[in-house]
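Note: the block below is data23.cif and it holds mmCIF, C-alpha atoms and all ligand atoms.
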data_target
loop_
_atom_site.label_atom_id
_atom_site.label_comp_id
_atom_site.auth_asym_id
_atom_site.auth_seq_id
_atom_site.Cartn_x
_atom_site.Cartn_y
_atom_site.Cartn_z
CA MET A 68 -22.15 101.23 13.02
CA ARG A 69 -24.05 100.22 16.17
CA ARG A 70 -24.42 96.51 16.93
CA ALA A 71 -28.02 95.28 16.98
CA PRO A 72 -29.18 94.58 20.56
CA GLN A 73 -28.72 90.90 21.49
CA PRO A 74 -31.94 88.97 22.15
CA GLN A 75 -32.46 88.04 25.80
CA VAL A 76 -31.30 84.47 26.40
CA SER A 77 -31.62 82.75 29.76
CA ALA A 78 -28.77 81.13 31.67
CA ALA A 79 -30.52 77.76 31.26
CA VAL A 80 -30.56 78.11 27.46
CA LEU A 81 -26.92 79.24 27.41
CA LEU A 82 -26.02 76.19 29.47
CA ARG A 83 -27.71 73.84 26.98
CA ARG A 84 -26.05 75.56 24.01
CA ALA A 85 -22.62 75.57 25.64
CA THR A 86 -22.92 71.87 26.51
CA ARG A 87 -23.78 71.03 22.89
CA ALA A 88 -20.89 73.13 21.55
CA LEU A 89 -18.43 71.39 23.88
CA GLN A 90 -19.80 67.93 23.05
CA ARG A 91 -19.38 68.60 19.32
CA ALA A 92 -15.76 69.70 19.87
CA ARG A 93 -14.75 66.30 21.32
CA LEU A 94 -12.43 67.68 23.99
CA HIS A 95 -10.39 65.93 26.63
CA TYR A 96 -11.69 66.02 30.22
CA GLY A 97 -10.07 65.01 33.49
CA HIS A 98 -8.59 68.33 34.64
CA GLY A 99 -11.01 68.77 37.49
CA THR A 100 -14.13 68.09 35.38
CA ASP A 101 -15.28 64.87 33.72
CA ARG A 102 -17.72 65.85 30.97
CA ALA A 103 -18.97 68.58 28.66
CA ARG A 104 -21.94 69.44 30.91
CA ASP A 105 -19.64 70.20 33.87
CA ASP A 106 -17.33 72.36 31.76
CA ALA A 107 -20.33 74.22 30.33
CA ALA A 108 -21.76 74.84 33.80
CA ALA A 109 -18.41 76.14 35.10
CA LEU A 110 -18.11 78.55 32.15
CA VAL A 111 -21.73 79.78 32.26
CA TRP A 112 -21.54 80.34 36.02
CA HIS A 113 -18.24 82.20 35.59
CA ALA A 114 -19.37 84.36 32.65
CA LEU A 115 -22.68 85.29 34.29
CA ARG A 116 -21.12 85.63 37.77
CA LEU A 117 -23.81 83.32 39.14
CA PRO A 118 -23.79 82.24 42.80
CA ALA A 119 -22.94 78.54 43.32
CA GLU A 120 -26.51 77.79 44.45
CA ALA A 121 -28.33 79.79 41.73
CA SER A 122 -32.10 79.27 41.98
CA ALA A 123 -34.23 77.99 39.08
CA ALA A 124 -35.74 81.49 38.82
CA ARG A 125 -32.26 83.00 38.48
CA LEU A 126 -31.42 80.52 35.71
CA ARG A 127 -34.54 81.59 33.78
CA ARG A 128 -33.46 85.25 33.86
CA GLY A 129 -31.89 86.72 30.71
CA ALA A 130 -28.14 87.21 30.41
CA THR A 131 -26.82 90.64 29.42
CA ALA A 132 -24.99 91.17 26.12
CA ALA A 133 -21.71 91.55 28.00
CA GLN A 134 -22.25 88.25 29.81
CA GLN A 135 -23.04 86.45 26.54
CA GLU A 136 -19.92 87.93 24.95
CA ARG A 137 -17.82 86.79 27.93
CA LEU A 138 -19.19 83.26 27.57
CA ARG A 139 -18.44 83.22 23.83
CA THR A 140 -14.82 84.19 24.51
CA LEU A 141 -14.43 81.52 27.20
CA LEU A 142 -15.93 78.81 24.98
CA ALA A 143 -13.66 79.82 22.10
CA ARG A 144 -10.57 79.47 24.31
CA ARG A 145 -11.75 76.11 25.67
CA ILE A 146 -12.51 74.74 22.19
CA SER A 147 -9.88 76.20 19.88
CA LYS A 148 -6.96 76.54 22.33
CA ARG A 149 -7.99 73.49 24.38
CA VAL A 150 -7.46 75.39 27.64
CA PRO A 151 -8.75 73.31 30.60
CA VAL A 152 -11.76 75.00 32.14
CA VAL A 153 -10.10 75.51 35.54
CA TYR A 154 -7.46 77.74 33.92
CA LEU A 155 -10.31 79.86 32.52
CA THR A 156 -12.25 80.23 35.76
CA HIS A 157 -9.19 80.11 38.08
CA ARG A 158 -11.24 78.19 40.67
CA CYS A 159 -11.13 74.61 41.80
CA TRP A 160 -11.88 72.51 44.85
CA PHE A 161 -9.60 70.06 46.60
CA ALA A 162 -10.49 68.15 49.78
CA GLY A 163 -13.42 70.53 50.26
CA LEU A 164 -11.28 73.68 49.91
CA GLU A 165 -11.59 76.30 47.20
CA LEU A 166 -8.29 77.21 45.58
CA TYR A 167 -6.98 79.75 43.08
CA VAL A 168 -5.23 78.10 40.11
CA ASP A 169 -3.52 79.36 36.96
CA GLU A 170 -1.08 78.00 34.37
CA ARG A 171 1.88 78.27 36.78
CA VAL A 172 0.62 75.13 38.56
CA LEU A 173 -0.87 71.72 37.86
CA ILE A 174 -4.66 71.56 38.17
CA PRO A 175 -5.33 69.76 41.49
CA ARG A 176 -6.91 66.33 40.96
CA SER A 177 -4.94 63.93 43.14
CA PRO A 178 -6.79 61.01 44.77
CA LEU A 179 -4.70 61.91 47.84
CA ALA A 180 -7.51 64.35 48.75
CA GLU A 181 -9.54 61.40 50.03
CA LEU A 182 -6.73 60.13 52.26
CA ILE A 183 -6.10 63.62 53.64
CA GLU A 184 -9.80 64.07 54.45
CA ARG A 185 -9.41 60.90 56.59
CA ALA A 186 -6.33 62.48 58.24
CA PHE A 187 -4.26 59.56 56.83
CA ALA A 188 -6.25 57.00 58.88
CA PRO A 189 -5.58 54.20 59.56
CA TRP A 190 -1.91 54.67 58.72
CA ILE A 191 -0.91 57.14 61.41
CA ASP A 192 -2.38 58.57 64.63
CA ALA A 193 -3.43 62.06 63.52
CA ALA A 194 -3.31 63.40 67.10
CA ARG A 195 0.44 62.78 67.13
CA VAL A 196 1.27 64.31 63.78
CA ARG A 197 3.28 67.51 64.28
CA ARG A 198 5.16 68.02 61.02
CA ILE A 199 4.36 67.24 57.40
CA ALA A 200 6.34 67.90 54.22
CA ASP A 201 4.60 68.13 50.83
CA VAL A 202 7.20 67.60 48.09
CA GLY A 203 6.20 69.36 44.84
CA THR A 204 3.38 71.44 46.25
CA GLY A 205 2.23 73.26 43.07
CA SER A 206 -0.92 75.20 44.03
CA GLY A 207 -0.36 74.15 47.66
CA CYS A 208 -3.48 71.97 47.49
CA ILE A 209 -2.03 68.98 49.38
CA ALA A 210 -0.17 71.07 51.97
CA ILE A 211 -3.19 73.29 52.66
CA ALA A 212 -5.57 70.30 52.87
CA CYS A 213 -3.17 68.59 55.31
CA ALA A 214 -3.20 71.68 57.53
CA ARG A 215 -6.99 71.85 57.35
CA TRP A 216 -7.58 68.16 58.18
CA LEU A 217 -4.72 67.76 60.68
CA PRO A 218 -5.13 70.96 62.70
CA ARG A 219 -2.18 70.31 65.03
CA ALA A 220 0.35 69.90 62.23
CA ARG A 221 2.77 72.36 60.66
CA VAL A 222 3.35 71.81 56.96
CA ASP A 223 6.33 72.60 54.73
CA ALA A 224 5.12 73.07 51.15
CA LEU A 225 8.14 72.48 48.91
CA ASP A 226 8.58 73.25 45.24
CA ILE A 227 11.48 73.92 42.90
CA SER A 228 9.34 76.37 40.91
CA SER A 229 9.21 79.96 42.24
CA ALA A 230 6.17 80.60 40.03
CA ALA A 231 4.30 77.69 41.64
CA LEU A 232 5.25 78.93 45.12
CA GLU A 233 3.63 82.30 44.32
CA VAL A 234 0.34 80.50 43.67
CA ALA A 235 0.78 78.32 46.77
CA ASN A 236 1.37 81.44 48.89
CA ARG A 237 -1.77 83.07 47.50
CA ASN A 238 -3.78 79.99 48.54
CA ILE A 239 -2.09 79.80 51.95
CA ARG A 240 -3.06 83.46 52.58
CA ARG A 241 -6.58 82.86 51.32
CA HIS A 242 -7.08 80.08 53.88
CA ARG A 243 -5.30 82.08 56.62
CA LEU A 244 -2.82 79.29 57.21
CA GLY A 245 0.34 81.39 57.10
CA ARG A 246 1.27 80.38 60.64
CA ARG A 247 1.14 76.65 59.93
CA VAL A 248 1.96 76.26 56.23
CA ARG A 249 5.31 77.49 54.91
CA ALA A 250 6.03 77.60 51.16
CA VAL A 251 9.71 76.81 50.63
CA LYS A 252 11.82 76.74 47.48
CA SER A 253 13.50 73.35 47.51
CA ASP A 254 14.84 70.79 45.06
CA HIS A 255 13.09 67.79 46.60
CA PHE A 256 14.43 67.75 50.20
CA SER A 257 17.38 70.15 49.70
CA ALA A 258 15.97 72.90 52.00
CA LEU A 259 15.03 70.56 54.87
CA SER A 260 16.81 69.40 57.98
CA PRO A 261 16.93 65.62 58.49
CA GLY A 262 14.79 63.61 60.85
CA ALA A 263 11.84 65.94 61.42
CA TYR A 264 8.70 64.76 59.67
CA ASP A 265 5.83 62.48 60.70
CA ILE A 266 4.47 62.44 57.14
CA ILE A 267 6.12 63.10 53.80
CA VAL A 268 3.49 63.31 51.09
CA SER A 269 4.08 63.92 47.41
CA ASN A 270 2.43 64.05 44.03
CA PRO A 271 5.67 64.47 42.08
CA PRO A 272 6.06 64.66 38.29
CA TYR A 273 5.86 61.09 36.94
CA VAL A 274 5.26 61.21 33.19
CA GLY A 275 7.83 59.57 30.89
CA ARG A 276 9.03 61.14 27.63
CA ALA A 277 6.99 59.01 25.22
CA GLU A 278 3.81 59.29 27.29
CA LEU A 279 4.26 63.07 27.57
CA ALA A 280 4.45 63.46 23.79
CA ALA A 281 1.18 61.54 23.40
CA LEU A 282 -0.89 63.50 25.95
CA PRO A 283 -3.96 65.45 24.71
CA PRO A 284 -3.43 69.19 24.04
CA GLU A 285 -5.03 70.19 27.36
CA TYR A 286 -1.89 68.98 29.18
CA ARG A 287 0.33 71.43 27.25
CA HIS A 288 -1.20 74.25 29.31
CA GLU A 289 0.17 72.69 32.50
CA PRO A 290 3.81 73.40 33.47
CA ALA A 291 6.17 70.82 31.94
CA LEU A 292 7.99 70.79 35.27
CA ALA A 293 4.84 69.44 36.93
CA LEU A 294 4.55 66.46 34.57
CA ALA A 295 7.88 65.50 33.00
CA ALA A 296 10.22 63.25 34.98
CA GLY A 297 12.91 62.02 32.60
CA ARG A 298 12.88 59.23 30.08
CA ASP A 299 10.90 56.70 32.10
CA GLY A 300 9.04 59.16 34.35
CA LEU A 301 10.74 57.98 37.54
CA ASP A 302 13.44 60.66 38.01
CA SER A 303 11.62 62.37 40.88
CA VAL A 304 10.30 59.15 42.46
CA ARG A 305 13.87 57.75 42.59
CA VAL A 306 15.11 60.78 44.56
CA ILE A 307 12.16 60.58 46.96
CA LEU A 308 12.67 56.85 47.59
CA ARG A 309 16.42 57.33 48.04
CA ASP A 310 16.23 60.26 50.49
CA ALA A 311 12.86 60.27 52.28
CA ALA A 312 13.95 58.06 55.22
CA ARG A 313 16.53 60.68 56.29
CA TYR A 314 13.74 63.22 56.78
CA LEU A 315 11.20 61.01 58.56
CA ARG A 316 10.91 60.49 62.31
CA PRO A 317 10.82 56.88 63.55
CA GLY A 318 7.31 55.62 62.78
CA GLY A 319 6.86 58.27 60.08
CA ILE A 320 5.26 57.50 56.73
CA LEU A 321 5.92 58.34 53.09
CA VAL A 322 2.90 58.58 50.78
CA VAL A 323 3.50 59.15 47.05
CA GLU A 324 1.24 59.30 44.00
CA VAL A 325 2.79 57.75 40.90
CA GLY A 326 -0.41 57.25 38.85
CA ASN A 327 -0.06 54.86 35.97
CA SER A 328 3.70 54.52 36.63
CA GLU A 329 2.71 52.01 39.35
CA THR A 330 3.79 48.96 37.33
CA LEU A 331 7.15 50.54 36.54
CA VAL A 332 7.70 51.47 40.19
CA ARG A 333 6.95 47.91 41.33
CA ARG A 334 9.35 46.54 38.71
CA ASN A 335 12.16 49.01 39.51
CA PHE A 336 12.02 48.62 43.30
CA PRO A 337 11.27 44.93 43.87
CA ARG A 338 12.70 44.93 47.41
CA LEU A 339 10.46 47.70 48.76
CA PRO A 340 7.26 46.36 50.41
CA PHE A 341 4.89 48.99 48.98
CA THR A 342 1.33 49.25 50.27
CA TRP A 343 -0.81 50.39 47.32
CA LEU A 344 -3.75 52.41 48.62
CA GLU A 345 -7.34 52.13 47.42
CA PHE A 346 -9.75 55.03 47.03
CA ALA A 347 -13.54 54.90 47.24
CA ARG A 348 -13.86 57.96 44.96
CA GLY A 349 -11.62 56.48 42.25
CA GLY A 350 -8.01 56.90 41.18
CA GLY A 351 -5.04 54.92 42.37
CA GLY A 352 -1.30 54.55 41.86
CA VAL A 353 -0.54 55.79 45.38
CA PHE A 354 1.92 53.92 47.58
CA LEU A 355 2.75 54.10 51.27
CA LEU A 356 5.96 53.06 53.02
CA THR A 357 7.07 53.52 56.60
CA ARG A 358 10.51 54.91 57.41
CA GLU A 359 11.50 51.50 58.70
CA GLN A 360 10.40 49.79 55.45
CA LEU A 361 12.42 52.31 53.42
CA ILE A 362 15.54 51.60 55.51
CA GLU A 363 15.03 47.84 55.49
CA GLY A 364 14.40 47.85 51.72
CA LYS A 365 17.76 49.53 51.14
CA ARG A 366 19.59 46.93 53.27
CA ASN A 367 18.26 43.96 51.29
C1 LIG B 401 2.42 66.77 39.63
S1 LIG B 401 2.73 68.42 40.21
C2 LIG B 401 1.84 68.31 41.76
C3 LIG B 401 1.34 69.63 42.26
C4 LIG B 401 0.40 69.51 43.48
N1 LIG B 401 1.06 68.85 44.59
C5 LIG B 401 -0.86 68.75 43.11
O1 LIG B 401 -1.03 67.60 43.55
O2 LIG B 401 -1.69 69.29 42.35
C6 LIG B 401 4.43 68.27 40.67
C7 LIG B 401 5.06 69.51 41.30
O3 LIG B 401 6.42 69.17 41.61
C8 LIG B 401 7.24 70.28 41.34
N2 LIG B 401 8.62 69.79 41.12
C9 LIG B 401 9.17 69.28 39.99
N3 LIG B 401 10.45 68.95 40.20
C10 LIG B 401 10.71 69.24 41.51
C11 LIG B 401 11.88 69.12 42.33
N4 LIG B 401 13.04 68.65 41.85
N5 LIG B 401 11.80 69.52 43.61
C12 LIG B 401 10.62 70.02 44.11
N6 LIG B 401 9.51 70.16 43.38
C13 LIG B 401 9.54 69.78 42.10
C14 LIG B 401 6.61 70.94 40.13
O4 LIG B 401 7.00 72.29 40.02
C15 LIG B 401 5.12 70.74 40.42
O5 LIG B 401 4.59 71.84 41.10
#
As a first step, turn the structure in this file into structure tokens.
Ligand SMILES: C[S@@+](CC[C@H](N)C(=O)[O-])C[C@H]1O[C@@H](n2cnc3c(N)ncnc32)[C@H](O)[C@@H]1O
Amino acid sequence: MRRAPQPQVSAAVLLRRATRALQRARLHYGHGTDRARDDAAALVWHALRLPAEASAARLRRGATAAQQERLRTLLARRISKRVPVVYLTHRCWFAGLELYVDERVLIPRSPLAELIERAFAPWIDAARVRRIADVGTGSGCIAIACARWLPRARVDALDISSAALEVANRNIRRHRLGRRVRAVKSDHFSALSPGAYDIIVSNPPYVGRAELAALPPEYRHEPALALAAGRDGLDSVRVILRDAARYLRPGGILVVEVGNSETLVRRNFPRLPFTWLEFARGGGGVFLLTREQLIEGKRN
């Protein structure tokens, strides 16, 4: 039997309906979007293949039956499977750059974007930065943003996950940075030679076992390897703090996001003189140490 033709519904009406459906579902946000309206917009734009700057006239135009069906499917996956919207659209932005993302990598959302857009000012002279290592690169967001905002630097984008490196390489190609950004399979620093880097930057896994078990369902779509870091969440941070100084040049800096593990990090490393960075756009739990502070902290 033939399906009855769908009534014409405008993009604006679909947006209102989708927002209401998402609000009723009481979902978790924070994977690149903050509220139901933003998720709804991302899904409507994706389903209807709308340009980013769609005019009011375009939004009043009717959506085809196929577009409405596509939107229904996307909403169903967001609501019943709790898939974060970025994994449905495969698009996100980090430090002003558009990136491809899928479930092989964490959804980029680090406050480090703000620091990178400032080329790490005032902590290092950007004109002198030649080499950067990004430990745990995932989608490549931090490495690629570093190359974009520090145009004289070469960046090693390290990850232990081959699947993540495939995504990073796709993004490196997309931004035509293959000559300056290298995706390298590495267990923390294992693939690097000592003494080479002006900046080591990292958003490593830092979620402890109990916290991981309590996370909303949206997080289960992200790779466990990107979140889980042992019983207390500090397994990766410990390795970075132990080894980073060997890979930094004199005057080099280490910048690491540890999110809400900040208190635990302070308590576990009382002799390290961390500088905890502040961000105008929100977020925190990011520390900075110089190579000399790392070495001195170990001596004490
Ligand atoms: C929190 S995610 C960060 C991804 C990306 N840098 C971002 O900010 O969106 C941590 C990343 O570290 C990687 N990772 C986990 N253990 C690692 C290890 N031992 N050595 C290198 N990378 C590791 C994971 O595969 C994951 O891609």
Padding 8 Å on each side, edges along x, y and z: where is the centre of the box around the listed atoms of ligand LIG 401 (chain B), and how long are its edges in Å to one decimal? Output it as JSON.
{"center_x": 5.7, "center_y": 69.5, "center_z": 42.1, "size_x": 30.7, "size_y": 21.5, "size_z": 21.0}
Q. Once you count only C-alpha atoms and all ligand atoms, which residues end up within 6 Å of ligand LIG 401 (chain B), and could you hand them over as a count of residues only?
A. 25
Write out as CSV the residues of region 238-295 of chain A that have any atom within 6 Å of an atom of region 310-324 of chain A, one row each with the nearest atom pair and its distance in Å to one decimal, counting all atoms listed in the file, sorted by chain and then rising number.
residue,atom,partner,partner_atom,distance
A:Pro261,CA,A:Tyr314,CA,4.3
A:Gly262,CA,A:Tyr314,CA,4.2
A:Ala263,CA,A:Arg316,CA,5.6
A:Tyr264,CA,A:Leu315,CA,4.6
A:Asp265,CA,A:Gly319,CA,4.4
A:Ile266,CA,A:Ile320,CA,5.0
A:Ile267,CA,A:Leu321,CA,4.8
A:Val268,CA,A:Val322,CA,4.8
A:Ser269,CA,A:Val323,CA,4.8
A:Asn270,CA,A:Glu324,CA,4.9
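Checking A:Ala200, A:Leu142, A:Leu126, A:Val76 one by one against Cys213 (chain A), counting only C-alpha atoms, you find the shortest gap at A:Ala200.
Relative to CA of Gly207 (chain A), CA of Ala114 (chain A) is found at 26.3 Å.
Considering only C-alpha atoms, the residue among A:Ile146, A:Leu279, A:Val274, A:Ala347 positioned nearest to Val325 (chain A) is A:Val274.
Coordinates place CA of Gly99 (chain A) at a distance of 9.3 Å from CA of Phe161 (chain A).
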Q) Counting all atoms listed in the file, which of A:Val234, A:Arg125, A:Arg221, A:Arg215 gets nearest to Tyr167 (chain A)? A) A:Val234
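Omitting region 155-159 of chain A and its sequence neighbours fewer than 6 positions away, and counting all atoms listed in the file, the residues within 7 Å are His113, Leu141, Glu165, Leu166, Tyr167, Val168 and Asp169 of chain A.
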Q: Could you pull out every residue with an atom within 12 Å of (-1.3, 63.3, 66.4), file coordinates, counting all atoms listed in the file, and send them as JSON, numbers by chain?
A: {"A": [186, 187, 188, 190, 191, 192, 193, 194, 195, 196, 197, 198, 199, 216, 217, 218, 219, 220, 221, 265, 266, 319]}
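Between CA of Arg102 (chain A) and CA of His242 (chain A) the separation is 29.0 Å.
Using all atoms listed in the file, the smallest distance between any of A:His98, A:Arg243, A:His288, A:Arg176 and Arg144 (chain A) comes from A:His288.
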**Q.** Residue with smallest distance to Leu355 (chain A) - pool A:Asn335, A:Asn236, A:Thr342, A:Thr131, counting all atoms listed in the file
**A.** A:Thr342
Take region 78-94 of chain A, model N, CA and C atoms, and hand the result over as a PDB file, keeping the file's coordinate frame.
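The resulting file, rebuild.pdb, is shown below:
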ATOM      1  N   ALA A  78     -29.949  81.912  31.278  1.00  0.00           N
ATOM      2  CA  ALA A  78     -28.770  81.130  31.670  1.00  0.00           C
ATOM      3  C   ALA A  78     -28.993  79.649  31.334  1.00  0.00           C
ATOM      4  N   ALA A  79     -30.227  79.173  31.527  1.00  0.00           N
ATOM      5  CA  ALA A  79     -30.520  77.760  31.260  1.00  0.00           C
ATOM      6  C   ALA A  79     -30.306  77.436  29.781  1.00  0.00           C
ATOM      7  N   VAL A  80     -30.742  78.343  28.902  1.00  0.00           N
ATOM      8  CA  VAL A  80     -30.560  78.110  27.460  1.00  0.00           C
ATOM      9  C   VAL A  80     -29.069  78.172  27.103  1.00  0.00           C
ATOM     10  N   LEU A  81     -28.367  79.140  27.680  1.00  0.00           N
ATOM     11  CA  LEU A  81     -26.920  79.240  27.410  1.00  0.00           C
ATOM     12  C   LEU A  81     -26.207  77.971  27.844  1.00  0.00           C
ATOM     13  N   LEU A  82     -26.651  77.414  28.970  1.00  0.00           N
ATOM     14  CA  LEU A  82     -26.020  76.190  29.470  1.00  0.00           C
ATOM     15  C   LEU A  82     -26.225  75.039  28.476  1.00  0.00           C
ATOM     16  N   ARG A  83     -27.439  74.920  27.954  1.00  0.00           N
ATOM     17  CA  ARG A  83     -27.710  73.840  26.980  1.00  0.00           C
ATOM     18  C   ARG A  83     -26.875  74.036  25.714  1.00  0.00           C
ATOM     19  N   ARG A  84     -26.815  75.293  25.236  1.00  0.00           N
ATOM     20  CA  ARG A  84     -26.050  75.560  24.010  1.00  0.00           C
ATOM     21  C   ARG A  84     -24.563  75.308  24.209  1.00  0.00           C
ATOM     22  N   ALA A  85     -24.059  75.757  25.363  1.00  0.00           N
ATOM     23  CA  ALA A  85     -22.620  75.570  25.640  1.00  0.00           C
ATOM     24  C   ALA A  85     -22.290  74.089  25.739  1.00  0.00           C
ATOM     25  N   THR A  86     -23.171  73.317  26.375  1.00  0.00           N
ATOM     26  CA  THR A  86     -22.920  71.870  26.510  1.00  0.00           C
ATOM     27  C   THR A  86     -22.841  71.231  25.115  1.00  0.00           C
ATOM     28  N   ARG A  87     -23.785  71.607  24.245  1.00  0.00           N
ATOM     29  CA  ARG A  87     -23.780  71.030  22.890  1.00  0.00           C
ATOM     30  C   ARG A  87     -22.505  71.402  22.138  1.00  0.00           C
ATOM     31  N   ALA A  88     -22.093  72.677  22.262  1.00  0.00           N
ATOM     32  CA  ALA A  88     -20.890  73.130  21.550  1.00  0.00           C
ATOM     33  C   ALA A  88     -19.661  72.344  22.030  1.00  0.00           C
ATOM     34  N   LEU A  89     -19.583  72.114  23.334  1.00  0.00           N
ATOM     35  CA  LEU A  89     -18.430  71.390  23.880  1.00  0.00           C
ATOM     36  C   LEU A  89     -18.474  69.914  23.472  1.00  0.00           C
ATOM     37  N   GLN A  90     -19.683  69.350  23.471  1.00  0.00           N
ATOM     38  CA  GLN A  90     -19.800  67.930  23.050  1.00  0.00           C
ATOM     39  C   GLN A  90     -19.333  67.757  21.609  1.00  0.00           C
ATOM     40  N   ARG A  91     -19.756  68.698  20.750  1.00  0.00           N
ATOM     41  CA  ARG A  91     -19.380  68.600  19.320  1.00  0.00           C
ATOM     42  C   ARG A  91     -17.867  68.705  19.144  1.00  0.00           C
ATOM     43  N   ALA A  92     -17.204  69.446  20.038  1.00  0.00           N
ATOM     44  CA  ALA A  92     -15.760  69.700  19.870  1.00  0.00           C
ATOM     45  C   ALA A  92     -14.897  68.513  20.292  1.00  0.00           C
ATOM     46  N   ARG A  93     -15.488  67.514  20.923  1.00  0.00           N
ATOM     47  CA  ARG A  93     -14.750  66.300  21.320  1.00  0.00           C
ATOM     48  C   ARG A  93     -13.444  66.626  22.045  1.00  0.00           C
ATOM     49  N   LEU A  94     -13.590  67.242  23.205  1.00  0.00           N
ATOM     50  CA  LEU A  94     -12.430  67.680  23.990  1.00  0.00           C
ATOM     51  C   LEU A  94     -11.975  66.590  24.939  1.00  0.00           C
TER      52      LEU A  94
END
